[in-house]
Amino acid sequence: MNGQYAIAIDGPSGAGKSSLARRCASRFGFLYVDTGAIYRTVGLAAFRRGIDRRDEAAVSAMLPELEIRMAYNEQGEQRMYLNGEDVSAAIRMPEISLCASDVSALPAVRAYLLEMQRKMAREHNVIMDGRDIGTVVLPDAELKIFLTASAEARAERRLKELAAKGVEADFASVLRDIRYRDEQDSSRAAAPLRPARDSVTVDTTEIDFAGSEELLCRLIREKLGVEEIG
């Protein structure tokens, strides 16, 4: 594989960005970077400390006290560490999703984490997913994809993910949280969720996971001219 490649996948909560990006990265031998996990880690820290996650001054004062590290296990799975503790499971709880949405709306938090994300792209071929990867973090990415689906479809998928992890939730509350995140992410002043001007929009409402995966991999092959490693 020649050159250094960056693929940006943006989209609303529950669109399947993480699962699809992880699978595509594995097929092409790219490093998968889940930027949402980084914001979730900051949200978890604020939650544990009882800090108002909308209070930019309070959250900003906390940031220098955090050691946030991203690592990968033998299976290539991304793990998040907060001050030495593996918090990969803790950051996936529903209440932390809302915390992540709130802290990610703070300009100070986004500026603090920006270099960490860009450094990964400088050092590796990456597939990076988030809310502002194609518009802010990696504006020169070779391929930008805006992945979306209806709020109802995303809520159904999230409900199944939670059930598989043994977390009890009901459809109405999950849908409410999805819509709350959509509103927060799209209306925030700092790097709002929106498709990059040169992105390809992929709506997976009526497409299953396997079909979505094949569609994204085809886009990668056609746009970058790269082949799968398997």
# chains A, B, ... in the order shown; residues from 1 in each chain; ligands from 1
call {"tool": "residues_around", "arguments": {"residues": "range 157-171 of chain A", "least_positions_apart": "5", "cutoff": "9 Å", "atoms": "only C-alpha atoms", "output": "ChimeraX atom specification"}}
result
/A:14-16,93-94,152,176
call {"tool": "select_by_dssp", "arguments": {"residues": "range 3-215 of chain A", "states": "alpha helix (DSSP H)", "output": "ChimeraX atom specification"}}
result
/A:17-28,35-49,56-62,94-104,107-123,151-164,171-187,209-215
call {"tool": "residues_around", "arguments": {"residues": "range 149-151 of chain A", "least_positions_apart": "3", "cutoff": "6 Å", "atoms": "only C-alpha atoms", "output": "PyMOL selection string"}}
result
chain A and resi 15+154+203-205
call {"tool": "residues_around", "arguments": {"residues": "Phe47 in chain A", "least_positions_apart": "4", "cutoff": "8 Å", "atoms": "only C-alpha atoms", "output": "JSON, numbers by chain"}}
result
{"A": [43, 51, 52, 53, 96, 99]}
call {"tool": "write_last_selection", "arguments": {"atoms": "C-alpha atoms", "output": "PDB file, in the first residue's frame"}}
result
ATOM      1  CA  GLY A  43     -17.772  12.714  29.989  1.00  0.00           C
ATOM      2  CA  ILE A  51     -19.049  18.272  37.611  1.00  0.00           C
ATOM      3  CA  ASP A  52     -21.738  20.067  35.608  1.00  0.00           C
ATOM      4  CA  ARG A  53     -20.763  18.835  32.148  1.00  0.00           C
ATOM      5  CA  ILE A  96     -22.354   8.494  29.787  1.00  0.00           C
ATOM      6  CA  CYS A  99     -22.426  13.281  29.254  1.00  0.00           C
TER       7      CYS A  99
END
call {"tool": "select_by_dssp", "arguments": {"residues": "range 63-139 of chain A", "states": "strand (DSSP E)", "output": "ChimeraX atom specification"}}
result
/A:68-72,78-82,85-86,126-130
call {"tool": "closest_atom_pairs", "arguments": {"of": "range 53-96 of chain A", "to": "range 32-40 of chain A", "cutoff": "9 Å", "atoms": "only C-alpha atoms", "output": "Markdown table"}}
result
| residue | atom | partner | partner_atom | distance |
| --- | --- | --- | --- | --- |
| A:Ile68 | CA | A:Ile38 | CA | 7.7 |
| A:Arg69 | CA | A:Ile38 | CA | 8.6 |
| A:Met70 | CA | A:Ile38 | CA | 8.1 |
| A:Gly76 | CA | A:Tyr32 | CA | 8.6 |
| A:Glu77 | CA | A:Tyr32 | CA | 8.5 |
| A:Gln78 | CA | A:Val33 | CA | 7.5 |
| A:Arg79 | CA | A:Ala37 | CA | 8.8 |
| A:Met80 | CA | A:Ala37 | CA | 7.1 |
| A:Ser88 | CA | A:Ala37 | CA | 8.0 |
| A:Ile91 | CA | A:Arg40 | CA | 5.5 |
| A:Arg92 | CA | A:Arg40 | CA | 7.8 |
| A:Ile96 | CA | A:Arg40 | CA | 6.4 |
call {"tool": "residues_around", "arguments": {"residues": "Leu224 in chain A", "least_positions_apart": "5", "cutoff": "9 Å", "atoms": "only C-alpha atoms", "output": "count of residues only"}}
result
4
call {"tool": "atom_distance", "arguments": {"atom1": "CA of Thr135 in chain A", "atom2": "CA of Ala121 in chain A"}}
result
14.7 Å
call {"tool": "closest_residue", "arguments": {"among": "A:Ser104, A:Thr41, A:Ser19, A:Ser26", "to": "Ala191 in chain A", "atoms": "only C-alpha atoms"}}
result
A:Ser104
